[in-house]
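Just protein.csv here, CSV, C-alpha atoms and all ligand atoms:
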```
chain,number,residue,atom,x,y,z
A,1,MET,CA,-30.7,-5.2,-9.6
A,2,GLY,CA,-29.9,-3.7,-13.0
A,3,LYS,CA,-26.8,-1.9,-14.2
A,4,PRO,CA,-25.5,0.8,-11.9
A,5,GLU,CA,-26.6,4.2,-13.0
A,6,LEU,CA,-24.6,7.4,-12.5
A,7,LYS,CA,-26.0,10.1,-10.4
A,8,GLU,CA,-22.9,12.3,-10.1
A,9,LEU,CA,-19.2,12.3,-10.6
A,10,ARG,CA,-18.2,14.5,-7.7
A,11,ILE,CA,-14.6,15.9,-7.8
A,12,ASN,CA,-13.2,17.6,-4.8
A,13,ARG,CA,-11.3,20.5,-6.5
A,14,ASP,CA,-9.5,21.3,-3.2
A,15,TRP,CA,-7.9,17.8,-3.1
A,16,CYS,CA,-7.4,17.1,-6.8
A,17,LYS,CA,-3.7,17.6,-7.8
A,18,GLY,CA,-4.2,17.1,-11.5
A,19,CYS,CA,-2.1,14.0,-11.9
A,20,GLY,CA,-4.3,12.8,-14.7
A,21,ILE,CA,-4.5,9.1,-13.5
A,22,CYS,CA,-8.3,9.2,-13.6
A,23,VAL,CA,-8.3,10.7,-17.1
A,24,HIS,CA,-5.8,8.3,-18.5
A,25,PHE,CA,-7.3,5.1,-17.3
A,26,CYS,CA,-11.0,5.8,-17.7
A,27,PRO,CA,-12.2,3.2,-20.3
A,28,LYS,CA,-14.8,5.6,-21.7
A,29,GLU,CA,-12.9,8.9,-21.8
A,30,VAL,CA,-15.4,10.5,-19.4
A,31,LEU,CA,-12.9,12.7,-17.6
A,32,ASP,CA,-10.4,15.4,-18.7
A,33,LEU,CA,-8.3,18.1,-17.0
A,34,ASP,CA,-9.5,21.7,-17.1
A,35,GLN,CA,-7.4,24.8,-17.5
A,36,GLU,CA,-6.6,24.8,-13.8
A,37,ASP,CA,-5.4,21.1,-14.0
A,38,LYS,CA,-8.4,19.8,-12.1
A,39,ALA,CA,-10.3,16.7,-13.2
A,40,VAL,CA,-13.8,17.4,-14.7
A,41,PRO,CA,-16.4,15.0,-16.2
A,42,VAL,CA,-16.7,16.0,-19.9
A,43,LYS,CA,-18.8,13.0,-21.0
A,44,PRO,CA,-20.7,11.9,-17.9
A,45,ASP,CA,-23.3,10.2,-20.0
A,46,GLN,CA,-20.7,7.7,-21.2
A,47,CYS,CA,-19.7,6.6,-17.7
A,48,ILE,CA,-20.2,2.9,-17.0
A,49,CYS,CA,-19.7,3.3,-13.2
A,50,CYS,CA,-16.7,0.9,-13.1
A,51,MET,CA,-15.3,2.9,-10.1
A,52,MET,CA,-11.8,2.7,-11.4
A,53,CYS,CA,-11.2,6.5,-11.2
A,54,GLU,CA,-12.5,6.6,-7.6
A,55,MET,CA,-10.2,3.7,-6.6
A,56,ARG,CA,-7.1,4.9,-8.5
A,57,CYS,CA,-7.2,8.5,-7.4
A,58,PRO,CA,-4.2,9.0,-5.1
A,59,ASP,CA,-5.9,12.0,-3.5
A,60,LEU,CA,-9.3,10.5,-2.7
A,61,ALA,CA,-10.7,13.4,-4.8
A,62,ILE,CA,-13.4,11.5,-6.8
A,63,ASP,CA,-16.7,10.0,-5.8
A,64,VAL,CA,-18.7,8.1,-8.3
A,65,ILE,CA,-22.2,8.5,-6.9
A,66,LEU,CA,-24.8,6.0,-8.1
A,67,LYS,CA,-28.5,6.5,-8.4
B,1,MET,CA,-18.9,2.9,7.1
B,2,ALA,CA,-17.9,5.0,4.1
B,3,VAL,CA,-14.3,5.1,3.1
B,4,LYS,CA,-14.0,8.8,3.9
B,5,ASP,CA,-15.2,8.2,7.5
B,6,TYR,CA,-11.9,6.4,8.2
B,7,ILE,CA,-9.7,9.4,7.4
B,8,ARG,CA,-8.7,12.6,9.3
B,9,LYS,CA,-10.1,15.0,6.7
B,10,ARG,CA,-8.6,18.0,8.4
B,11,PHE,CA,-5.1,17.0,7.1
B,12,PHE,CA,-6.2,16.9,3.4
B,13,PRO,CA,-5.1,17.6,0.8
B,14,HIS,CA,-2.3,15.3,1.8
B,15,ILE,CA,1.4,16.0,1.5
B,16,TRP,CA,2.2,13.5,-1.3
B,17,CYS,CA,3.2,14.7,-4.8
B,18,PRO,CA,0.7,14.6,-7.6
B,19,GLY,CA,0.4,11.0,-8.9
B,20,CYS,CA,2.3,9.4,-5.9
B,21,GLY,CA,1.3,5.8,-5.6
B,22,HIS,CA,1.2,6.0,-1.8
B,23,GLY,CA,-2.1,7.8,-2.1
B,24,ILE,CA,-3.5,4.9,-4.1
B,25,VAL,CA,-2.4,2.5,-1.3
B,26,LEU,CA,-4.1,4.7,1.3
B,27,ASN,CA,-7.3,4.8,-0.8
B,28,ASN,CA,-7.5,1.0,-1.2
B,29,LEU,CA,-6.3,0.1,2.3
B,30,LEU,CA,-9.4,2.0,3.5
B,31,ARG,CA,-11.6,0.0,1.1
B,32,ALA,CA,-10.1,-3.3,2.5
B,33,ILE,CA,-10.9,-2.2,6.0
B,34,GLU,CA,-14.4,-1.2,4.9
B,35,LYS,CA,-14.8,-4.7,3.3
B,36,LEU,CA,-13.9,-6.3,6.6
B,37,LYS,CA,-16.3,-4.0,8.4
B,38,LEU,CA,-13.7,-3.1,11.0
B,39,LYS,CA,-14.3,-0.4,13.5
B,40,LYS,CA,-11.8,2.4,13.9
B,41,ASN,CA,-11.2,1.5,17.5
B,42,GLU,CA,-10.1,-2.1,16.6
B,43,ILE,CA,-7.2,-0.9,14.4
B,44,VAL,CA,-3.7,0.3,15.4
B,45,MET,CA,-1.4,1.6,12.7
B,46,THR,CA,2.2,2.1,13.5
B,47,SER,CA,4.6,3.6,11.0
B,48,GLY,CA,8.3,4.7,10.8
B,49,ILE,CA,9.7,7.5,8.7
B,50,GLY,CA,9.4,8.2,5.0
B,51,CYS,CA,6.8,9.6,2.5
B,52,SER,CA,5.1,6.2,2.9
B,53,SER,CA,5.1,6.3,6.7
B,54,ARG,CA,3.2,9.6,6.6
B,55,ILE,CA,0.1,7.5,5.9
B,56,SER,CA,-0.5,7.0,9.7
B,57,GLY,CA,-1.3,10.7,10.0
B,58,TYR,CA,-4.2,10.5,7.6
B,59,VAL,CA,-6.1,7.5,9.0
B,60,ASP,CA,-8.5,7.9,11.9
B,61,PHE,CA,-7.4,4.8,13.8
B,62,HIS,CA,-5.2,4.5,16.8
B,63,THR,CA,-1.9,5.6,15.2
B,64,LEU,CA,1.8,5.7,16.3
B,65,HIS,CA,4.2,7.6,14.0
B,66,THR,CA,7.5,6.3,15.3
B,67,ILE,CA,11.1,6.1,14.3
B,68,HIS,CA,12.7,5.0,11.0
B,69,GLY,CA,12.8,1.3,10.5
B,70,ARG,CA,11.2,0.4,13.9
B,71,ALA,CA,7.5,0.5,13.2
B,72,LEU,CA,7.3,-3.3,13.5
B,73,CYS,CA,8.9,-3.1,17.0
B,74,PHE,CA,6.3,-0.7,18.2
B,75,ALA,CA,3.6,-2.8,16.6
B,76,THR,CA,5.0,-5.9,18.4
B,77,GLY,CA,4.8,-4.1,21.7
B,78,VAL,CA,1.2,-3.1,21.1
B,79,LYS,CA,0.2,-6.5,19.9
B,80,MET,CA,1.7,-8.3,22.9
B,81,ASN,CA,-0.3,-6.1,25.2
B,82,ARG,CA,-3.5,-5.9,23.3
B,83,PRO,CA,-3.7,-9.0,21.1
B,84,GLU,CA,-7.3,-8.4,20.2
B,85,LEU,CA,-6.4,-5.4,18.2
B,86,LYS,CA,-5.6,-5.4,14.4
B,87,LEU,CA,-2.0,-4.2,13.8
B,88,ILE,CA,-1.3,-2.7,10.4
B,89,VAL,CA,2.2,-1.5,9.6
B,90,PRO,CA,2.8,0.4,6.3
B,91,MET,CA,6.4,0.9,5.4
B,92,GLY,CA,8.6,2.2,2.6
B,93,ASP,CA,11.1,-0.1,1.0
B,94,GLY,CA,13.9,1.7,2.8
B,95,ASP,CA,12.1,1.8,6.1
B,96,ALA,CA,11.2,-1.9,5.9
B,97,LEU,CA,14.3,-3.4,4.3
B,98,ALA,CA,17.2,-1.1,4.7
B,99,ILE,CA,17.3,0.3,8.2
B,100,GLY,CA,14.4,-1.9,9.3
B,101,GLY,CA,15.5,-5.1,7.6
B,102,ASN,CA,16.6,-6.9,10.7
B,103,HIS,CA,13.3,-6.1,12.5
B,104,PHE,CA,11.4,-7.2,9.5
B,105,ILE,CA,12.9,-10.7,9.2
B,106,HIS,CA,12.6,-11.4,12.9
B,107,ALA,CA,8.9,-10.3,13.0
B,108,ALA,CA,8.3,-12.7,10.1
B,109,ARG,CA,10.2,-15.5,11.9
B,110,ARG,CA,8.1,-15.1,15.0
B,111,ASN,CA,4.8,-15.2,13.1
B,112,ILE,CA,3.3,-12.4,15.2
B,113,ASP,CA,-0.2,-11.4,14.0
B,114,ILE,CA,0.7,-8.1,12.2
B,115,THR,CA,0.0,-7.0,8.7
B,116,ALA,CA,3.2,-5.4,7.1
B,117,ILE,CA,2.6,-3.4,3.9
B,118,ILE,CA,5.6,-2.6,1.9
B,119,MET,CA,4.9,0.5,-0.3
B,120,ASN,CA,7.7,-0.3,-2.7
B,121,ASN,CA,8.7,2.7,-4.9
B,122,ARG,CA,12.3,1.4,-5.1
B,123,ILE,CA,13.8,4.6,-3.7
B,124,TYR,CA,14.1,6.9,-0.7
B,125,GLY,CA,11.5,9.5,-1.7
B,126,MET,CA,11.4,11.6,1.5
B,127,THR,CA,15.2,12.3,1.6
B,128,GLY,CA,15.6,13.1,-2.1
B,129,GLY,CA,16.0,10.0,-4.2
B,130,GLN,CA,18.8,7.9,-2.8
B,131,PHE,CA,18.8,4.3,-4.0
B,132,SER,CA,17.3,1.7,-1.7
B,133,PRO,CA,17.7,-2.1,-1.3
B,134,LEU,CA,14.8,-2.5,-3.8
B,135,SER,CA,16.2,-0.2,-6.5
B,136,GLY,CA,17.9,-3.0,-8.3
B,137,TYR,CA,21.0,-3.3,-10.4
B,138,GLY,CA,21.4,-0.8,-13.2
B,139,THR,CA,18.9,1.8,-11.9
B,140,LYS,CA,19.7,5.4,-11.1
B,141,GLY,CA,19.3,7.5,-8.0
B,142,THR,CA,20.7,10.7,-6.6
B,143,THR,CA,23.4,8.6,-4.9
B,144,ALA,CA,23.9,6.5,-8.0
B,145,PRO,CA,24.1,9.0,-10.9
B,146,PHE,CA,25.9,6.6,-13.2
B,147,MET,CA,24.3,3.4,-12.1
B,148,ASN,CA,23.4,1.4,-9.0
B,149,ILE,CA,25.5,-1.7,-8.7
B,150,ASP,CA,23.6,-3.2,-5.7
B,151,HIS,CA,21.3,-6.1,-6.5
B,152,GLY,CA,17.8,-5.7,-5.1
B,153,PHE,CA,15.9,-8.0,-2.7
B,154,ASP,CA,12.9,-9.9,-3.9
B,155,VAL,CA,10.4,-9.0,-1.2
B,156,VAL,CA,8.4,-12.2,-1.8
B,157,GLU,CA,11.3,-14.6,-1.6
B,158,LEU,CA,12.8,-12.8,1.4
B,159,SER,CA,9.5,-12.9,3.3
B,160,LYS,CA,9.0,-16.5,2.5
B,161,ALA,CA,12.5,-17.4,3.6
B,162,ALA,CA,12.1,-15.4,6.8
B,163,GLY,CA,8.9,-17.4,7.7
B,164,ALA,CA,6.0,-15.0,7.0
B,165,THR,CA,2.8,-17.1,6.8
B,166,PHE,CA,1.0,-14.8,4.3
B,167,VAL,CA,3.0,-13.3,1.4
B,168,ALA,CA,1.5,-11.4,-1.5
B,169,ARG,CA,2.4,-8.8,-4.1
B,170,THR,CA,0.3,-6.3,-6.2
B,171,SER,CA,0.5,-2.8,-7.6
B,172,THR,CA,-1.2,0.5,-7.6
B,173,TYR,CA,-2.6,-0.3,-11.1
B,174,HIS,CA,-4.3,-3.4,-9.8
B,175,VAL,CA,-6.6,-1.7,-7.3
B,176,LYS,CA,-9.3,-4.4,-7.1
B,177,GLN,CA,-6.6,-7.0,-6.4
B,178,MET,CA,-5.1,-4.7,-3.8
B,179,VAL,CA,-8.3,-4.5,-1.9
B,180,ASP,CA,-8.8,-8.2,-1.9
B,181,ILE,CA,-5.2,-9.0,-0.9
B,182,LEU,CA,-5.1,-6.4,1.8
B,183,ALA,CA,-8.4,-7.7,3.3
B,184,ASP,CA,-7.1,-11.3,3.3
B,185,ALA,CA,-3.8,-10.2,4.8
B,186,ILE,CA,-5.5,-8.3,7.6
B,187,ASP,CA,-7.8,-11.2,8.2
B,188,HIS,CA,-4.9,-13.7,8.4
B,189,LYS,CA,-3.8,-14.8,11.9
B,190,GLY,CA,0.0,-14.5,11.7
B,191,PHE,CA,2.6,-12.3,10.0
B,192,SER,CA,1.4,-11.1,6.6
B,193,VAL,CA,3.5,-9.2,4.1
B,194,VAL,CA,1.9,-7.4,1.2
B,195,GLU,CA,4.3,-5.8,-1.3
B,196,ILE,CA,2.6,-3.0,-3.3
B,197,MET,CA,4.6,-1.6,-6.2
B,198,SER,CA,4.0,2.1,-5.8
B,199,GLN,CA,5.2,4.8,-8.2
B,200,CYS,CA,7.4,7.7,-7.1
B,201,PRO,CA,7.2,9.9,-10.2
B,202,THR,CA,9.2,12.6,-8.5
B,203,TYR,CA,12.4,10.6,-7.9
B,204,PHE,CA,12.4,7.0,-9.2
B,205,GLY,CA,10.4,8.0,-12.3
B,206,ARG,CA,12.4,11.1,-13.1
B,207,LYS,CA,15.9,9.6,-12.3
B,208,ASN,CA,15.2,6.5,-14.5
B,209,LYS,CA,13.3,8.4,-17.3
B,210,LEU,CA,10.2,6.3,-16.7
B,211,GLY,CA,7.7,9.1,-17.5
B,212,GLY,CA,5.0,10.3,-15.2
B,213,ALA,CA,2.6,8.5,-12.8
B,214,THR,CA,0.4,7.1,-15.6
B,215,ASP,CA,3.4,5.7,-17.5
B,216,MET,CA,4.7,4.0,-14.3
B,217,MET,CA,1.3,2.4,-13.6
B,218,THR,CA,1.1,1.3,-17.2
B,219,PHE,CA,4.4,-0.4,-16.7
B,220,TYR,CA,2.9,-2.3,-13.7
B,221,LYS,CA,0.0,-3.4,-16.0
B,222,ASP,CA,2.2,-4.6,-18.8
B,223,HIS,CA,5.1,-6.1,-16.8
B,224,THR,CA,3.3,-8.2,-14.3
B,225,THR,CA,1.3,-11.4,-14.5
B,226,PRO,CA,-0.8,-13.5,-12.1
B,227,VAL,CA,1.2,-15.9,-10.0
B,228,GLY,CA,1.7,-19.3,-11.8
B,229,SER,CA,0.6,-18.0,-15.2
B,230,LYS,CA,1.8,-19.4,-18.5
B,231,GLU,CA,3.0,-15.9,-19.5
B,232,LYS,CA,5.7,-16.1,-16.8
B,233,LYS,CA,7.2,-19.2,-18.4
B,234,ALA,CA,7.2,-17.5,-21.8
B,235,ASN,CA,8.6,-14.3,-20.5
B,236,PRO,CA,10.6,-14.7,-17.2
B,237,GLU,CA,11.1,-10.9,-16.9
B,238,LEU,CA,7.4,-10.5,-15.9
B,239,ILE,CA,6.8,-9.8,-12.2
B,240,GLU,CA,4.3,-12.2,-10.6
B,241,ARG,CA,1.5,-10.8,-8.4
B,242,GLY,CA,-1.1,-12.5,-6.3
B,243,ILE,CA,-0.9,-14.5,-3.1
B,244,PHE,CA,2.3,-16.7,-2.8
B,245,VAL,CA,2.0,-18.0,0.7
B,246,HIS,CA,-1.1,-18.5,2.9
B,247,GLU,CA,-0.7,-21.0,5.7
B,248,ASP,CA,-1.7,-21.4,9.3
B,249,LEU,CA,1.1,-21.8,11.8
B,250,PRO,CA,1.1,-21.1,15.6
B,251,GLU,CA,0.9,-17.4,16.2
B,252,TYR,CA,3.3,-15.7,18.6
B,253,CYS,CA,0.9,-14.1,21.1
B,254,ASN,CA,-1.0,-17.4,21.4
B,255,GLU,CA,2.3,-19.2,22.0
B,256,TYR,CA,3.3,-16.6,24.6
B,257,ASP,CA,0.0,-17.2,26.5
B,258,LYS,CA,1.0,-20.9,26.7
B,259,VAL,CA,4.3,-19.9,28.3
B,260,ILE,CA,2.5,-17.8,30.8
B,261,GLU,CA,0.3,-20.7,31.7
B,262,MET,CA,3.3,-23.0,32.0
B,263,ALA,CA,5.0,-20.5,34.3
B,264,LYS,CA,1.8,-20.2,36.5
B,265,ALA,CA,1.5,-24.0,36.7
B,266,SER,CA,5.1,-24.3,37.8
B,267,LEU,CA,4.3,-22.1,40.8
B,268,LYS,CA,1.5,-24.3,42.1
A,301,LIG,C1,17.6,6.9,12.0
A,301,LIG,C2,17.3,7.6,10.7
A,301,LIG,N1,18.2,7.5,9.7
A,301,LIG,C3,17.9,8.1,8.5
A,301,LIG,C4,16.8,9.0,8.4
A,301,LIG,C5,16.6,9.7,7.1
A,301,LIG,N2,15.5,9.1,6.3
A,301,LIG,C6,14.3,9.6,6.4
A,301,LIG,S1,13.1,8.8,5.4
A,301,LIG,C7,14.4,7.8,4.8
A,301,LIG,C8,14.1,6.8,3.8
A,301,LIG,C9,12.8,6.9,3.2
A,301,LIG,O1,12.6,5.9,2.2
A,301,LIG,P1,11.5,4.8,2.2
A,301,LIG,O2,11.4,4.2,3.5
A,301,LIG,O3,11.7,3.9,1.0
A,301,LIG,O4,10.1,5.6,2.0
A,301,LIG,P2,9.6,6.7,0.9
A,301,LIG,O5,10.0,8.0,1.4
A,301,LIG,O6,10.3,6.3,-0.4
A,301,LIG,O7,8.2,6.4,0.8
A,301,LIG,C10,15.6,8.1,5.4
A,301,LIG,C11,16.9,7.4,5.1
A,301,LIG,C12,16.0,9.1,9.5
A,301,LIG,N3,14.9,9.9,9.5
A,301,LIG,N4,16.2,8.4,10.7
A,302,LIG,S1,-6.8,11.0,-10.2
A,302,LIG,FE1,-7.5,12.3,-8.6
A,302,LIG,S2,-5.9,13.8,-8.2
A,302,LIG,FE2,-5.5,12.8,-10.2
A,302,LIG,S3,-6.4,14.2,-11.7
A,302,LIG,FE3,-7.9,12.6,-11.2
A,302,LIG,S4,-9.2,13.5,-9.5
A,302,LIG,FE4,-7.3,14.7,-9.7
A,303,LIG,S1,-16.5,5.2,-13.1
A,303,LIG,FE1,-15.3,4.3,-14.8
A,303,LIG,S2,-16.3,5.0,-16.7
A,303,LIG,FE2,-17.1,6.3,-15.0
A,303,LIG,S3,-15.7,8.1,-15.1
A,303,LIG,FE3,-14.8,6.6,-13.6
A,303,LIG,S4,-13.4,5.4,-14.7
A,303,LIG,FE4,-14.7,6.4,-16.2
A,304,LIG,S1,8.9,12.1,-3.3
A,304,LIG,FE1,8.1,10.2,-4.3
A,304,LIG,S2,7.3,8.9,-2.6
A,304,LIG,FE2,7.6,11.0,-1.8
A,304,LIG,S3,5.5,12.0,-2.0
A,304,LIG,FE3,6.7,12.5,-3.9
A,304,LIG,S4,6.2,10.9,-5.4
A,304,LIG,FE4,5.6,10.1,-3.4
```

Show this structure as structure tokens.
Ligand SMILES: Cc1ncc(C[n+]2csc(CCOP(=O)(O)OP(=O)(O)O)c2C)c(N)n1
Ligand code: SF4
Ligand code: SF4
Ligand code: SF4
Amino acid sequence: MGKPELKELRINRDWCKGCGICVHFCPKEVLDLDQEDKAVPVKPDQCICCMMCEMRCPDLAIDVILK
Amino acid sequence: MAVKDYIRKRFFPHIWCPGCGHGIVLNNLLRAIEKLKLKKNEIVMTSGIGCSSRISGYVDFHTLHTIHGRALCFATGVKMNRPELKLIVPMGDGDALAIGGNHFIHAARRNIDITAIIMNNRIYGMTGGQFSPLSGYGTKGTTAPFMNIDHGFDVVELSKAAGATFVARTSTYHVKQMVDILADAIDHKGFSVVEIMSQCPTYFGRKNKLGGATDMMTFYKDHTTPVGSKEKKANPELIERGIFVHEDLPEYCNEYDKVIEMAKASLK
């Protein structure tokens, strides 16, 4: 098994409350908040699939989907 | 089973404020349950009243949303009747240790096989930010606008003294540790206590000028240390996290079965 590869960072916009926890603690600055204060992947190619955003999201709004 | 298969999706988005640590506890409790490969039908969650206690509405297990401070009493009743089920009791610091403090120490003393999770945000979130027995000296709340002069409990020391056979502490920053500790606690046969430091940015954070959710989680990162570490000796202010007690002692339901057998034998 090699390194996990990202297929998709899926963000549930109906559940995201824009707290910014995922943005702040991502080690690779992959995520940001958009104009509606919803999390969006801005540099998905940088993602190391550490799963921290998915685990720390208080709203269960992120899924890090692997290939 | 995927984590999201354990929730009642129809109640989402949940009621908690943006950045509330209680959502992170829910998230990783589900992961611990997934790690143990438990079926929904094997789990009973009882809770009392508080923002934290709302958690029982969101999980698709057998759930009882009961009365303030008494979640452990309901759990005890369920466990005595159906000892094969896993009992999980998430509580706020007020629910567990203010109004529910007496029930808490006696459940610990009996060593009944229940997992108590204290979602410690050091304040009464639901009712508007009154100080709790975990707020600590010098903090502020709506009922302590100048400063709180009550000293706080140390959940770990209290649980140890009361007789809990599994005692641990972690935070919403330390999510991997949270999953591992919760899985061990649920697996443990006896009374388990897991204190999870959980931010309430809306009241504790705002009243004490601690910043937002990310600042409060950064505080957990910077002001905690693994139990028994060298850092603690150098800086006694650090809060230790990890597993403090993990021991096997006779469990209450098993002991009660023995009494039933004794009573039956006495009738022969
Ligand atoms: C018998 C009774 N007394 C008081 C209350 C009011 N009350 C509701 S929640 C609560 C405290 C909540 O604080 P905590 O348990 O720490 O949970 P949090 O909301 O901070 O998660 C209180 C005092 C109540 N519902 N029932
Ligand atoms: S942590 Fe979750 S709720 Fe908060 S901004 Fe990110 S996706 Fe949204
Ligand atoms: S998985 Fe890790 S690297 Fe990828 S977006 Fe989430 S926190 Fe950032
Ligand atoms: S008041 Fe505090 S504890 Fe309650 S939902 Fe809001 S942040 Fe969470």

Could you check how far atom CA of B:His103 sits from atom CA of B:Ala75, in Å to one decimal?
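Pair atom CA of B:His103 / atom CA of B:Ala75 returns 11.0 Å.
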
Please determine the residues with any atom at most 6 Å from (-0.8, 11.5, -16.0) (coordinates as given in the file, with all atoms listed in the file counting) and report them as a short mmCIF file (atom, residue, chain, number, x, y, z; two decimals) with C-alpha atoms, in the coordinates of the input.
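The file below, selection_16.cif, is the result:
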```
data_model
loop_
_atom_site.label_atom_id
_atom_site.label_comp_id
_atom_site.auth_asym_id
_atom_site.auth_seq_id
_atom_site.Cartn_x
_atom_site.Cartn_y
_atom_site.Cartn_z
CA CYS A 19 -2.10 14.00 -11.90
CA GLY A 20 -4.30 12.80 -14.70
CA ILE A 21 -4.50 9.10 -13.50
CA GLY B 212 5.00 10.30 -15.20
CA ALA B 213 2.60 8.50 -12.80
CA THR B 214 0.40 7.10 -15.60
#
```

Which residues, protein or nucleic acid, reach to within 7 Å of (1.0, -10.6, -9.0) in the file's coordinates when using all atoms listed in the file, and can you give that as number ranges by chain?
B: 169-170, 224-227, 239-242

Could you save those same residues with C-alpha atoms as a PDB file, in the frame of the given file?
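Saved file out28.pdb follows:
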```
ATOM      1  CA  ARG B 169       2.400  -8.800  -4.100  1.00  0.00           C
ATOM      2  CA  THR B 170       0.300  -6.300  -6.200  1.00  0.00           C
ATOM      3  CA  THR B 224       3.300  -8.200 -14.300  1.00  0.00           C
ATOM      4  CA  THR B 225       1.300 -11.400 -14.500  1.00  0.00           C
ATOM      5  CA  PRO B 226      -0.800 -13.500 -12.100  1.00  0.00           C
ATOM      6  CA  VAL B 227       1.200 -15.900 -10.000  1.00  0.00           C
ATOM      7  CA  ILE B 239       6.800  -9.800 -12.200  1.00  0.00           C
ATOM      8  CA  GLU B 240       4.300 -12.200 -10.600  1.00  0.00           C
ATOM      9  CA  ARG B 241       1.500 -10.800  -8.400  1.00  0.00           C
ATOM     10  CA  GLY B 242      -1.100 -12.500  -6.300  1.00  0.00           C
TER      11      GLY B 242
END
```

Please identify the residues whose atoms come within 9 Å of ligand LIG 303 (chain A), using only C-alpha atoms and all ligand atoms, and report them as a PyMOL selection string.
chain A and resi 6+9+22-31+41+43-56+62-64

As number ranges by chain, please: every protein or nucleic acid residue near ligand LIG 301 (chain A) (cut-off 9 Å, counting only C-alpha atoms and all ligand atoms).
B: 22, 48-54, 67-69, 91-100, 118-134, 198, 200, 203

Just checking: using all atoms listed in the file, which residue out of B:His106, B:Lys258, B:Lys176, B:Lys207 ends up closest to chain A?
B:Lys176

With only C-alpha atoms as the counted atoms, please give the residues lying no more than 12 Å from B:Leu238, apart from itself and same-chain residues fewer than 6 positions off, as a list of chain:residue names.
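Skipping anything fewer than 6 positions along the chain leaves B:Phe219, B:Tyr220, B:Lys221, B:Asp222, B:His223, B:Thr224, B:Thr225, B:Pro226, B:Val227, B:Gly228, B:Ser229, B:Lys230, B:Glu231, B:Lys232.
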
Could you give me, as number ranges by chain, the residues within 7 Å of A:Ala39, counting all atoms listed in the file and dropping anything in the same chain fewer than 5 positions from it?
A: 11, 18, 31-34

N, CA, C and O atoms of stretch 19-30 of chain A from block above, as an mmCIF file, in the first residue's frame:
```cif
data_model
loop_
_atom_site.group_PDB
_atom_site.id
_atom_site.type_symbol
_atom_site.label_atom_id
_atom_site.label_comp_id
_atom_site.auth_asym_id
_atom_site.auth_seq_id
_atom_site.Cartn_x
_atom_site.Cartn_y
_atom_site.Cartn_z
ATOM 1 N N CYS A 19 -16.900 27.667 10.954
ATOM 2 C CA CYS A 19 -16.122 27.935 12.177
ATOM 3 C C CYS A 19 -14.650 28.143 11.883
ATOM 4 O O CYS A 19 -13.926 28.726 12.688
ATOM 5 N N GLY A 20 -14.169 27.613 10.761
ATOM 6 C CA GLY A 20 -12.768 27.820 10.373
ATOM 7 C C GLY A 20 -11.773 26.855 11.021
ATOM 8 O O GLY A 20 -10.567 26.991 10.812
ATOM 9 N N ILE A 21 -12.242 25.885 11.785
ATOM 10 C CA ILE A 21 -11.322 24.945 12.447
ATOM 11 C C ILE A 21 -10.525 24.156 11.402
ATOM 12 O O ILE A 21 -9.308 24.014 11.505
ATOM 13 N N CYS A 22 -11.210 23.694 10.377
ATOM 14 C CA CYS A 22 -10.522 22.899 9.336
ATOM 15 C C CYS A 22 -9.485 23.749 8.626
ATOM 16 O O CYS A 22 -8.386 23.288 8.328
ATOM 17 N N VAL A 23 -9.826 25.000 8.358
ATOM 18 C CA VAL A 23 -8.928 25.907 7.651
ATOM 19 C C VAL A 23 -7.681 26.161 8.496
ATOM 20 O O VAL A 23 -6.545 26.048 8.036
ATOM 21 N N HIS A 24 -7.911 26.471 9.768
ATOM 22 C CA HIS A 24 -6.824 26.877 10.665
ATOM 23 C C HIS A 24 -5.815 25.758 10.908
ATOM 24 O O HIS A 24 -4.612 26.003 10.968
ATOM 25 N N PHE A 25 -6.312 24.531 11.102
ATOM 26 C CA PHE A 25 -5.403 23.458 11.518
ATOM 27 C C PHE A 25 -4.908 22.583 10.364
ATOM 28 O O PHE A 25 -4.123 21.669 10.584
ATOM 29 N N CYS A 26 -5.326 22.842 9.139
ATOM 30 C CA CYS A 26 -4.801 22.048 8.017
ATOM 31 C C CYS A 26 -3.304 22.326 7.870
ATOM 32 O O CYS A 26 -2.906 23.481 7.739
ATOM 33 N N PRO A 27 -2.473 21.282 7.896
ATOM 34 C CA PRO A 27 -1.021 21.527 7.838
ATOM 35 C C PRO A 27 -0.569 22.062 6.479
ATOM 36 O O PRO A 27 0.549 22.563 6.352
ATOM 37 N N LYS A 28 -1.401 21.967 5.460
ATOM 38 C CA LYS A 28 -0.975 22.342 4.105
ATOM 39 C C LYS A 28 -1.785 23.490 3.503
ATOM 40 O O LYS A 28 -1.706 23.734 2.287
ATOM 41 N N GLU A 29 -2.567 24.168 4.313
ATOM 42 C CA GLU A 29 -3.383 25.307 3.839
ATOM 43 C C GLU A 29 -4.212 24.959 2.602
ATOM 44 O O GLU A 29 -4.293 25.725 1.641
ATOM 45 N N VAL A 30 -4.813 23.799 2.662
ATOM 46 C CA VAL A 30 -5.611 23.308 1.529
ATOM 47 C C VAL A 30 -6.977 23.996 1.479
ATOM 48 O O VAL A 30 -7.552 24.173 0.417
#
```
